[in-house]
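Colleague: mmCIF, C-alpha atoms and all ligand atoms, file input.cif:
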```cif
data_query
loop_
_atom_site.group_PDB
_atom_site.id
_atom_site.type_symbol
_atom_site.label_atom_id
_atom_site.label_comp_id
_atom_site.auth_asym_id
_atom_site.auth_seq_id
_atom_site.Cartn_x
_atom_site.Cartn_y
_atom_site.Cartn_z
ATOM 1 C CA MET I 1 216.281 123.275 -45.469
ATOM 2 C CA THR I 2 213.689 125.536 -43.870
ATOM 3 C CA LEU I 3 211.171 123.656 -41.740
ATOM 4 C CA LYS I 4 207.496 123.852 -42.659
ATOM 5 C CA ALA I 5 205.559 126.406 -40.586
ATOM 6 C CA LEU I 6 203.817 125.049 -37.530
ATOM 7 C CA ASP I 7 200.040 125.507 -37.699
ATOM 8 C CA VAL I 8 199.874 127.362 -34.374
ATOM 9 C CA PRO I 9 196.191 128.460 -34.540
ATOM 10 C CA GLY I 10 195.149 124.941 -35.627
ATOM 11 C CA LEU I 11 197.166 123.237 -32.876
ATOM 12 C CA LEU I 12 195.704 125.518 -30.222
ATOM 13 C CA ARG I 13 192.181 125.017 -31.545
ATOM 14 C CA SER I 14 192.537 121.233 -31.589
ATOM 15 C CA HIS I 15 193.307 121.361 -27.856
ATOM 16 C CA GLY I 16 190.576 123.913 -27.086
ATOM 17 C CA LEU I 17 193.142 126.593 -26.230
ATOM 18 C CA THR I 18 193.542 130.277 -27.039
ATOM 19 C CA PRO I 19 196.708 132.405 -26.583
ATOM 20 C CA ARG I 20 197.009 133.699 -23.002
ATOM 21 C CA LYS I 21 197.676 137.435 -23.072
ATOM 22 C CA GLY I 22 198.589 137.400 -19.407
ATOM 23 C CA LEU I 23 201.544 135.122 -20.190
ATOM 24 C CA GLY I 24 202.678 137.232 -23.148
ATOM 25 C CA GLN I 25 201.735 134.507 -25.634
ATOM 26 C CA ASN I 26 202.524 135.805 -29.117
ATOM 27 C CA PHE I 27 203.841 132.816 -31.018
ATOM 28 C CA LEU I 28 206.409 133.194 -33.797
ATOM 29 C CA THR I 29 205.111 131.325 -36.799
ATOM 30 C CA ASP I 30 207.153 132.478 -39.818
ATOM 31 C CA PRO I 31 209.798 129.773 -40.519
ATOM 32 C CA VAL I 32 212.011 132.191 -42.461
ATOM 33 C CA VAL I 33 212.114 134.555 -39.468
ATOM 34 C CA LEU I 34 212.765 131.612 -37.128
ATOM 35 C CA ASP I 35 215.731 130.529 -39.264
ATOM 36 C CA LYS I 36 217.067 134.079 -39.170
ATOM 37 C CA VAL I 37 216.812 134.211 -35.364
ATOM 38 C CA VAL I 38 218.800 130.966 -35.038
ATOM 39 C CA GLU I 39 221.366 132.220 -37.550
ATOM 40 C CA ALA I 40 221.742 135.576 -35.771
ATOM 41 C CA ALA I 41 222.218 133.659 -32.525
ATOM 42 C CA GLY I 42 225.223 131.876 -34.060
ATOM 43 C CA VAL I 43 224.110 128.513 -32.617
ATOM 44 C CA THR I 44 226.351 125.569 -33.532
ATOM 45 C CA THR I 45 226.133 121.815 -32.958
ATOM 46 C CA GLU I 46 228.544 122.277 -30.023
ATOM 47 C CA ASP I 47 226.116 124.507 -28.123
ATOM 48 C CA ALA I 48 223.738 123.830 -25.265
ATOM 49 C CA VAL I 49 220.811 126.243 -25.459
ATOM 50 C CA LEU I 50 218.349 127.349 -22.807
ATOM 51 C CA GLU I 51 215.052 128.523 -24.295
ATOM 52 C CA ILE I 52 212.616 130.455 -22.138
ATOM 53 C CA GLY I 53 208.939 130.094 -23.024
ATOM 54 C CA PRO I 54 208.950 127.629 -25.945
ATOM 55 C CA GLY I 55 205.166 127.969 -26.320
ATOM 56 C CA LEU I 56 204.224 125.428 -28.985
ATOM 57 C CA GLY I 57 207.836 124.769 -29.917
ATOM 58 C CA SER I 58 208.123 126.839 -33.090
ATOM 59 C CA LEU I 59 211.543 128.271 -32.235
ATOM 60 C CA THR I 60 212.505 125.099 -30.346
ATOM 61 C CA ARG I 61 212.269 122.958 -33.508
ATOM 62 C CA HIS I 62 214.681 125.271 -35.328
ATOM 63 C CA LEU I 63 217.035 125.393 -32.346
ATOM 64 C CA ALA I 64 216.989 121.587 -32.048
ATOM 65 C CA ARG I 65 218.342 121.263 -35.596
ATOM 66 C CA ALA I 66 221.167 123.737 -34.979
ATOM 67 C CA ALA I 67 222.242 122.987 -31.398
ATOM 68 C CA ARG I 68 223.682 120.036 -29.508
ATOM 69 C CA GLN I 69 221.037 120.223 -26.825
ATOM 70 C CA VAL I 70 218.035 122.425 -26.037
ATOM 71 C CA THR I 71 216.447 122.880 -22.626
ATOM 72 C CA ALA I 72 213.060 124.565 -22.955
ATOM 73 C CA VAL I 73 211.360 126.007 -19.861
ATOM 74 C CA GLU I 74 207.626 126.685 -20.211
ATOM 75 C CA ILE I 75 205.321 127.960 -17.455
ATOM 76 C CA ASP I 76 201.971 127.133 -19.082
ATOM 77 C CA GLY I 77 200.959 123.576 -18.159
ATOM 78 C CA ASN I 78 198.243 123.587 -20.863
ATOM 79 C CA LEU I 79 200.944 123.827 -23.544
ATOM 80 C CA ILE I 80 203.156 121.014 -22.262
ATOM 81 C CA PRO I 81 201.281 118.094 -23.974
ATOM 82 C CA LEU I 82 201.225 120.042 -27.251
ATOM 83 C CA LEU I 83 204.860 120.921 -26.917
ATOM 84 C CA GLN I 84 205.750 117.287 -26.325
ATOM 85 C CA GLN I 85 203.728 116.300 -29.387
ATOM 86 C CA VAL I 86 205.448 118.908 -31.597
ATOM 87 C CA LEU I 87 208.894 117.983 -30.290
ATOM 88 C CA ALA I 88 208.443 114.190 -30.310
ATOM 89 C CA ALA I 89 210.839 113.892 -33.250
ATOM 90 C CA GLU I 90 213.572 116.002 -31.610
ATOM 91 C CA PRO I 91 215.626 113.753 -29.290
ATOM 92 C CA ASN I 92 217.962 116.540 -28.143
ATOM 93 C CA VAL I 93 215.215 118.650 -26.528
ATOM 94 C CA ARG I 94 214.364 118.552 -22.840
ATOM 95 C CA VAL I 95 211.136 120.268 -21.768
ATOM 96 C CA ILE I 96 210.806 121.587 -18.223
ATOM 97 C CA HIS I 97 207.457 122.775 -16.892
ATOM 98 C CA ALA I 98 208.425 125.692 -14.629
ATOM 99 C CA ASP I 99 208.552 129.438 -14.111
ATOM 100 C CA ILE I 100 212.000 130.532 -15.316
ATOM 101 C CA LEU I 101 212.138 133.133 -12.555
ATOM 102 C CA GLU I 102 211.866 130.350 -9.963
ATOM 103 C CA LEU I 103 214.547 128.226 -11.581
ATOM 104 C CA ASP I 104 218.283 128.704 -11.105
ATOM 105 C CA PRO I 105 219.867 128.485 -14.578
ATOM 106 C CA ALA I 106 223.023 127.112 -12.952
ATOM 107 C CA GLU I 107 221.000 124.176 -11.627
ATOM 108 C CA VAL I 108 219.260 123.466 -14.910
ATOM 109 C CA MET I 109 222.299 123.917 -17.163
ATOM 110 C CA GLY I 110 224.957 122.733 -14.712
ATOM 111 C CA GLY I 111 228.359 124.390 -14.729
ATOM 112 C CA ASP I 112 228.877 124.136 -18.491
ATOM 113 C CA PRO I 113 228.730 127.027 -20.968
ATOM 114 C CA TYR I 114 225.364 127.649 -22.630
ATOM 115 C CA LEU I 115 223.459 130.187 -24.705
ATOM 116 C CA VAL I 116 219.981 131.587 -24.109
ATOM 117 C CA VAL I 117 217.841 131.973 -27.218
ATOM 118 C CA ALA I 118 214.218 132.942 -26.689
ATOM 119 C CA ASN I 119 211.191 134.903 -27.781
ATOM 120 C CA ILE I 120 210.369 136.001 -24.265
ATOM 121 C CA PRO I 121 207.169 137.289 -22.675
ATOM 122 C CA TYR I 122 207.696 141.046 -22.981
ATOM 123 C CA TYR I 123 206.174 141.936 -19.621
ATOM 124 C CA ILE I 124 209.003 140.246 -17.717
ATOM 125 C CA THR I 125 211.951 141.283 -19.908
ATOM 126 C CA SER I 126 213.810 143.109 -17.123
ATOM 127 C CA ALA I 127 213.111 140.394 -14.559
ATOM 128 C CA ILE I 128 214.408 137.686 -16.936
ATOM 129 C CA LEU I 129 217.566 139.669 -17.709
ATOM 130 C CA ARG I 130 218.248 140.308 -14.044
ATOM 131 C CA HIS I 131 217.618 136.662 -13.185
ATOM 132 C CA LEU I 132 219.970 135.312 -15.877
ATOM 133 C CA LEU I 133 222.727 137.862 -15.350
ATOM 134 C CA ASP I 134 222.616 137.322 -11.613
ATOM 135 C CA SER I 135 223.116 133.562 -11.917
ATOM 136 C CA SER I 136 226.294 131.889 -10.686
ATOM 137 C CA ASN I 137 226.579 130.364 -14.186
ATOM 138 C CA ARG I 138 225.713 133.186 -16.563
ATOM 139 C CA PRO I 139 225.069 132.336 -20.223
ATOM 140 C CA GLN I 140 227.812 133.160 -22.753
ATOM 141 C CA ARG I 141 225.324 134.891 -24.983
ATOM 142 C CA LEU I 142 221.683 135.943 -24.881
ATOM 143 C CA VAL I 143 219.629 136.265 -28.039
ATOM 144 C CA LEU I 144 216.238 137.577 -27.059
ATOM 145 C CA THR I 145 213.298 138.799 -29.077
ATOM 146 C CA VAL I 146 211.870 141.727 -27.151
ATOM 147 C CA GLN I 147 209.764 144.845 -27.633
ATOM 148 C CA ARG I 148 211.706 147.149 -30.006
ATOM 149 C CA GLU I 149 211.504 150.136 -27.678
ATOM 150 C CA VAL I 150 213.033 148.073 -24.852
ATOM 151 C CA ALA I 151 215.782 146.791 -27.181
ATOM 152 C CA GLU I 152 216.657 150.395 -28.032
ATOM 153 C CA ARG I 153 216.691 151.342 -24.369
ATOM 154 C CA ILE I 154 219.043 148.459 -23.528
ATOM 155 C CA CYS I 155 221.459 149.444 -26.341
ATOM 156 C CA ALA I 156 221.514 153.163 -25.423
ATOM 157 C CA ALA I 157 224.777 155.093 -25.101
ATOM 158 C CA PRO I 158 225.834 157.381 -22.220
ATOM 159 C CA GLY I 159 223.521 160.387 -22.290
ATOM 160 C CA ASP I 160 220.485 158.075 -22.561
ATOM 161 C CA LEU I 161 221.452 155.281 -20.197
ATOM 162 C CA SER I 162 218.897 153.803 -17.807
ATOM 163 C CA LEU I 163 219.254 151.398 -14.915
ATOM 164 C CA LEU I 164 218.187 148.601 -17.287
ATOM 165 C CA ALA I 165 220.810 149.500 -19.934
ATOM 166 C CA LEU I 166 223.511 149.810 -17.329
ATOM 167 C CA SER I 167 222.563 146.485 -15.695
ATOM 168 C CA VAL I 168 222.957 144.756 -19.066
ATOM 169 C CA GLN I 169 226.017 146.636 -20.353
ATOM 170 C CA VAL I 170 227.995 145.886 -17.200
ATOM 171 C CA TYR I 171 227.830 142.230 -18.209
ATOM 172 C CA GLY I 172 227.911 142.348 -21.997
ATOM 173 C CA SER I 173 227.552 144.192 -25.294
ATOM 174 C CA PRO I 174 223.987 144.354 -26.581
ATOM 175 C CA ARG I 175 223.156 144.984 -30.227
ATOM 176 C CA PRO I 176 219.981 144.651 -32.312
ATOM 177 C CA VAL I 177 220.331 141.918 -34.939
ATOM 178 C CA LEU I 178 216.865 141.542 -36.444
ATOM 179 C CA ARG I 179 213.646 143.511 -36.790
ATOM 180 C CA ILE I 180 210.621 141.257 -36.631
ATOM 181 C CA PRO I 181 207.330 142.426 -38.138
ATOM 182 C CA ALA I 182 204.170 141.922 -36.079
ATOM 183 C CA GLY I 183 202.812 139.691 -38.873
ATOM 184 C CA ALA I 184 205.415 137.012 -38.063
ATOM 185 C CA PHE I 185 203.536 136.278 -34.810
ATOM 186 C CA TYR I 186 200.196 134.691 -33.921
ATOM 187 C CA PRO I 187 198.437 136.693 -32.631
ATOM 188 C CA PRO I 188 200.342 139.789 -33.841
ATOM 189 C CA PRO I 189 201.524 141.894 -30.875
ATOM 190 C CA ASN I 190 200.572 145.573 -30.601
ATOM 191 C CA VAL I 191 204.226 146.574 -30.414
ATOM 192 C CA ASP I 192 207.201 146.202 -32.751
ATOM 193 C CA SER I 193 209.775 143.541 -31.982
ATOM 194 C CA THR I 194 213.546 143.296 -32.264
ATOM 195 C CA THR I 195 215.920 140.425 -31.671
ATOM 196 C CA LEU I 196 218.706 141.540 -29.409
ATOM 197 C CA ARG I 197 222.051 139.783 -29.176
ATOM 198 C CA ILE I 198 224.029 140.272 -25.981
ATOM 199 C CA ASP I 199 227.523 138.774 -25.969
ATOM 200 C CA LEU I 200 228.709 138.558 -22.401
ATOM 201 C CA HIS I 201 232.165 139.821 -21.405
ATOM 202 C CA PRO I 202 234.402 137.158 -19.843
ATOM 203 C CA GLN I 203 234.147 139.200 -16.616
ATOM 204 C CA PRO I 204 231.678 141.977 -15.701
ATOM 205 C CA ARG I 205 233.069 145.490 -16.263
ATOM 206 C CA ILE I 206 232.769 146.162 -12.523
ATOM 207 C CA PRO I 207 234.727 143.670 -10.374
ATOM 208 C CA SER I 208 232.361 140.946 -9.128
ATOM 209 C CA GLU I 209 232.956 141.751 -5.451
ATOM 210 C CA GLN I 210 231.948 145.389 -6.113
ATOM 211 C CA LEU I 211 228.722 144.646 -8.005
ATOM 212 C CA ASP I 212 226.428 144.899 -4.962
ATOM 213 C CA ALA I 213 227.805 148.346 -4.120
ATOM 214 C CA PHE I 214 227.594 149.389 -7.779
ATOM 215 C CA PHE I 215 223.906 148.407 -7.996
ATOM 216 C CA ARG I 216 223.148 150.251 -4.750
ATOM 217 C CA LEU I 217 224.697 153.404 -6.157
ATOM 218 C CA ALA I 218 223.121 152.995 -9.598
ATOM 219 C CA LYS I 219 219.644 152.405 -8.127
ATOM 220 C CA ALA I 220 220.007 155.531 -6.004
ATOM 221 C CA GLY I 221 221.383 157.500 -8.972
ATOM 222 C CA PHE I 222 218.418 156.609 -11.172
ATOM 223 C CA SER I 223 215.828 156.764 -8.383
ATOM 224 C CA GLN I 224 214.969 160.419 -8.849
ATOM 225 C CA LYS I 225 214.414 161.414 -12.443
ATOM 226 C CA ARG I 226 215.815 164.722 -13.690
ATOM 227 C CA LYS I 227 217.744 165.290 -10.454
ATOM 228 C CA THR I 228 221.447 165.953 -10.445
ATOM 229 C CA LEU I 229 223.496 162.974 -9.375
ATOM 230 C CA ARG I 230 224.540 164.684 -6.129
ATOM 231 C CA ASN I 231 220.917 165.043 -5.054
ATOM 232 C CA ALA I 232 219.808 161.676 -6.386
ATOM 233 C CA LEU I 233 222.616 159.861 -4.560
ATOM 234 C CA SER I 234 222.071 161.722 -1.303
ATOM 235 C CA GLY I 235 218.273 161.256 -1.479
ATOM 236 C CA GLY I 236 218.413 157.632 -2.634
ATOM 237 C CA LEU I 237 220.949 156.576 0.002
ATOM 238 C CA GLY I 238 219.567 158.678 2.846
ATOM 239 C CA TRP I 239 222.741 160.754 3.085
ATOM 240 C CA LYS I 240 223.265 164.376 4.124
ATOM 241 C CA PRO I 241 222.936 166.691 1.089
ATOM 242 C CA ASP I 242 226.656 167.322 0.661
ATOM 243 C CA GLN I 243 227.716 163.667 1.026
ATOM 244 C CA GLY I 244 226.736 162.755 -2.538
ATOM 245 C CA ALA I 245 228.650 165.747 -3.906
ATOM 246 C CA LYS I 246 231.754 164.813 -1.913
ATOM 247 C CA LEU I 247 231.770 161.247 -3.202
ATOM 248 C CA LEU I 248 231.332 162.432 -6.798
ATOM 249 C CA GLN I 249 234.137 164.948 -6.450
ATOM 250 C CA ALA I 250 236.418 162.290 -4.997
ATOM 251 C CA ALA I 251 235.674 160.158 -8.075
ATOM 252 C CA GLN I 252 236.340 163.200 -10.309
ATOM 253 C CA ILE I 253 232.779 163.377 -11.582
ATOM 254 C CA ASP I 254 230.895 166.684 -11.824
ATOM 255 C CA PRO I 255 228.167 166.471 -9.117
ATOM 256 C CA GLN I 256 225.765 168.404 -11.372
ATOM 257 C CA ARG I 257 225.667 165.612 -13.933
ATOM 258 C CA ARG I 258 222.713 163.241 -14.223
ATOM 259 C CA ALA I 259 222.850 159.472 -13.824
ATOM 260 C CA GLU I 260 222.042 158.768 -17.492
ATOM 261 C CA THR I 261 225.227 160.525 -18.665
ATOM 262 C CA LEU I 262 227.795 158.471 -16.743
ATOM 263 C CA THR I 263 229.891 155.896 -18.592
ATOM 264 C CA ILE I 264 230.461 152.465 -17.064
ATOM 265 C CA ASP I 265 234.074 153.456 -16.349
ATOM 266 C CA GLU I 266 232.776 156.424 -14.348
ATOM 267 C CA TRP I 267 230.364 154.183 -12.428
ATOM 268 C CA ALA I 268 233.318 151.878 -11.748
ATOM 269 C CA ARG I 269 235.334 154.823 -10.373
ATOM 270 C CA LEU I 270 232.411 155.971 -8.259
ATOM 271 C CA THR I 271 231.896 152.474 -6.855
ATOM 272 C CA ALA I 272 235.590 152.036 -6.028
ATOM 273 C CA GLU I 273 235.619 155.443 -4.289
ATOM 274 C CA PHE I 274 232.434 154.608 -2.362
ATOM 275 C CA LEU I 275 233.937 151.350 -1.085
ATOM 276 C CA GLU I 276 237.209 153.112 -0.241
ATOM 277 C CA GLU I 277 235.306 155.747 1.807
ATOM 278 C CA ASN I 278 233.368 152.982 3.594
ATOM 279 C CA ILE I 279 236.602 151.225 4.504
ATOM 280 C CA LYS I 280 238.070 154.498 5.818
ATOM 281 C CA ALA I 281 234.908 155.073 7.893
ATOM 282 C CA VAL I 282 235.226 151.692 9.644
HETATM 283 N N1 LIG I 301 208.829 130.774 -28.097
HETATM 284 C C1 LIG I 301 207.447 130.697 -28.504
HETATM 285 C C2 LIG I 301 207.305 131.232 -29.903
HETATM 286 O O1 LIG I 301 208.154 132.029 -30.293
HETATM 287 O O2 LIG I 301 206.332 130.889 -30.562
HETATM 288 C C3 LIG I 301 206.512 131.433 -27.529
HETATM 289 C C4 LIG I 301 206.853 132.855 -27.228
HETATM 290 S S1 LIG I 301 205.684 133.739 -26.257
HETATM 291 C C5 LIG I 301 206.182 135.388 -26.610
HETATM 292 C C6 LIG I 301 206.282 133.594 -24.582
HETATM 293 C C7 LIG I 301 206.180 132.223 -23.950
HETATM 294 O O3 LIG I 301 206.717 132.297 -22.629
HETATM 295 C C8 LIG I 301 204.787 131.684 -23.793
HETATM 296 O O4 LIG I 301 204.731 130.354 -24.212
HETATM 297 C C9 LIG I 301 204.487 131.775 -22.285
HETATM 298 O O5 LIG I 301 203.578 130.816 -21.806
HETATM 299 C C10 LIG I 301 205.890 131.589 -21.715
HETATM 300 N N2 LIG I 301 206.116 132.177 -20.378
HETATM 301 C C11 LIG I 301 205.547 133.285 -19.830
HETATM 302 N N3 LIG I 301 206.047 133.527 -18.614
HETATM 303 C C12 LIG I 301 206.977 132.549 -18.368
HETATM 304 C C13 LIG I 301 207.831 132.239 -17.266
HETATM 305 N N4 LIG I 301 207.836 133.001 -16.177
HETATM 306 N N5 LIG I 301 208.633 131.146 -17.348
HETATM 307 C C14 LIG I 301 208.627 130.358 -18.468
HETATM 308 N N6 LIG I 301 207.824 130.610 -19.542
HETATM 309 C C15 LIG I 301 207.035 131.686 -19.492
#
```
As structure tokens, what does this structure read like?
Ligand code: SAM
Modeller:
Amino acid sequence: MTLKALDVPGLLRSHGLTPRKGLGQNFLTDPVVLDKVVEAAGVTTEDAVLEIGPGLGSLTRHLARAARQVTAVEIDGNLIPLLQQVLAAEPNVRVIHADILELDPAEVMGGDPYLVVANIPYYITSAILRHLLDSSNRPQRLVLTVQREVAERICAAPGDLSLLALSVQVYGSPRPVLRIPAGAFYPPPNVDSTTLRIDLHPQPRIPSEQLDAFFRLAKAGFSQKRKTLRNALSGGLGWKPDQGAKLLQAAQIDPQRRAETLTIDEWARLTAEFLEENIKAV
């Protein structure tokens, strides 16, 4: 049975609070949408869930009914008493008052498998993704409500790839699962929103021990917009002009191509070649 909507404006008012724009506070209030998010996340009673930014607990309540355990990390101390009040009847929820970017998910969730389901503050989408994907215990799945334009960017195919898309797709397959109208939030955001589901691969598509080198190359490749990869690599890594071209040729990639066109397999080849060259140079 769908839960009754939480009276978010009323709850805030009763505690003399207003939504903090600076913390990306747009609260999801529509219970039908909240049910759909939990359903799209495929949460079962076996699952431990990490929620980032529970706000007043609207999504948390729905997660608590579907999951085995929910750990909700909220940065705003003003919301904690309210959150505890809203969640008093949910024994399987643990609230942590902290900045998610300062918290190691492996420490909070231990070594066990877990999912992340969250309506995150849009202004730190990339930082949150990087933080979670970089953890020694990565989640099995991420189901994040984000700005629609960012969701599209993350799901892009070769030809339109960005450093953000690549950084996500190395670890998992992202796909949009739900469009959320601005009216489902209080206050409504100025941008459209999409729930993105990212199922993580059992292993990253670049071998773990090569990921540092891969990110160095990818950052350099995307560092200079509209430049050919040969120039972007040489410029970004401080190499002589022909060094980038040589590496690309060795990896059988046309040096005139641009970073956004390379597939992950091509980045993998480039990384392996780069490491091979480094070994030869030692
Ligand atoms: N999940 C709630 C909902 O859907 O109604 C709130 C979503 S709101 C978009 C984002 C929430 O993240 C806010 O409650 C905000 O205070 C919190 N937040 C912002 N930055 C955070 C951070 N670095 N760590 C943890 N929570 C954060």
Colleague: Counting only C-alpha atoms, figure out which residue out of I:Ala48, I:Ala232, I:Leu247, I:Leu262 gets nearest to Gln140 of chain I.
Modeller: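 The shortest atom-to-atom distance to Gln140 of chain I comes from I:Ala48.
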Colleague: Could you report the residues within 9 Å of ligand LIG 301 (chain I), using all atoms listed in the file, as an NGL selection string?
Modeller: :I and (8 or 19-29 or 34 or 51-60 or 72-77 or 79 or 97-103 or 118-124 or 128 or 145-146 or 185-186)
Colleague: For the file shown, what are the residues hit by the PyMOL selection byres (((chain I and resi 195) around 7) and not hetatm), laid out as JSON, numbers by chain?
Modeller: {"I": [143, 144, 145, 146, 176, 177, 178, 179, 193, 194, 196, 197]}
Colleague: Give me, as a short mmCIF file (atom, residue, chain, number, x, y, z; two decimals) with C-alpha atoms, in the frame of the given file, all polymer residues having an atom no more than 9 Å from Ala157 of chain I, counting only C-alpha atoms and skipping those fewer than 4 positions away in the same chain.
Modeller:
```
data_model
loop_
_atom_site.label_atom_id
_atom_site.label_comp_id
_atom_site.auth_asym_id
_atom_site.auth_seq_id
_atom_site.Cartn_x
_atom_site.Cartn_y
_atom_site.Cartn_z
CA ARG I 153 216.69 151.34 -24.37
CA LEU I 161 221.45 155.28 -20.20
CA ALA I 165 220.81 149.50 -19.93
CA GLU I 260 222.04 158.77 -17.49
CA THR I 261 225.23 160.52 -18.66
CA THR I 263 229.89 155.90 -18.59
#
```
Colleague: Determine, counting all atoms listed in the file, which protein, DNA and RNA residues have an atom within 9 Å of an atom of Ala251 of chain I; residues of the same chain fewer than 5 positions away are not included. Present the result as a VMD selection string.
Modeller: chain I and resid 246 266 269 to 274
Colleague: Centre and edge lengths of an axis-aligned box around all listed atoms of segment 90-99 of chain I, with 6 Å added on each side, are to be given in Å to one decimal, as lines of an AutoDock Vina configuration file.
Modeller:
```
center_x = 212.7
center_y = 121.6
center_z = -22.9
size_x = 22.5
size_y = 27.7
size_z = 29.5
```
Colleague: What gap, in Å, lies between atom CA of Leu87 of chain I and atom CA of Pro189 of chain I?
Modeller: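 Taking atom CA of Leu87 of chain I and atom CA of Pro189 of chain I, their separation equals 25.0 Å.
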Colleague: I'd like to see the residues matched by the PyMOL selection byres (((chain I and resi 256) around 10) and not hetatm) on this file, and ideally I'd get them as a list of chain:residue names.
Modeller: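 Applying the PyMOL selection byres (((chain I and resi 256) around 10) and not hetatm) to the structure shown produces I:Lys227, I:Thr228, I:Leu229, I:Arg230, I:Asn231, I:Ala245, I:Leu248, I:Ile253, I:Asp254, I:Pro255, I:Arg257, I:Arg258, I:Ala259.
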Colleague: Only C-alpha atoms, please: the residues just picked out, written as an mmCIF file, in the frame of the given file.
Modeller:
```
data_model
loop_
_atom_site.group_PDB
_atom_site.id
_atom_site.type_symbol
_atom_site.label_atom_id
_atom_site.label_comp_id
_atom_site.auth_asym_id
_atom_site.auth_seq_id
_atom_site.Cartn_x
_atom_site.Cartn_y
_atom_site.Cartn_z
ATOM 1 C CA LYS I 227 217.744 165.290 -10.454
ATOM 2 C CA THR I 228 221.447 165.953 -10.445
ATOM 3 C CA LEU I 229 223.496 162.974 -9.375
ATOM 4 C CA ARG I 230 224.540 164.684 -6.129
ATOM 5 C CA ASN I 231 220.917 165.043 -5.054
ATOM 6 C CA ALA I 245 228.650 165.747 -3.906
ATOM 7 C CA LEU I 248 231.332 162.432 -6.798
ATOM 8 C CA ILE I 253 232.779 163.377 -11.582
ATOM 9 C CA ASP I 254 230.895 166.684 -11.824
ATOM 10 C CA PRO I 255 228.167 166.471 -9.117
ATOM 11 C CA ARG I 257 225.667 165.612 -13.933
ATOM 12 C CA ARG I 258 222.713 163.241 -14.223
ATOM 13 C CA ALA I 259 222.850 159.472 -13.824
#
```
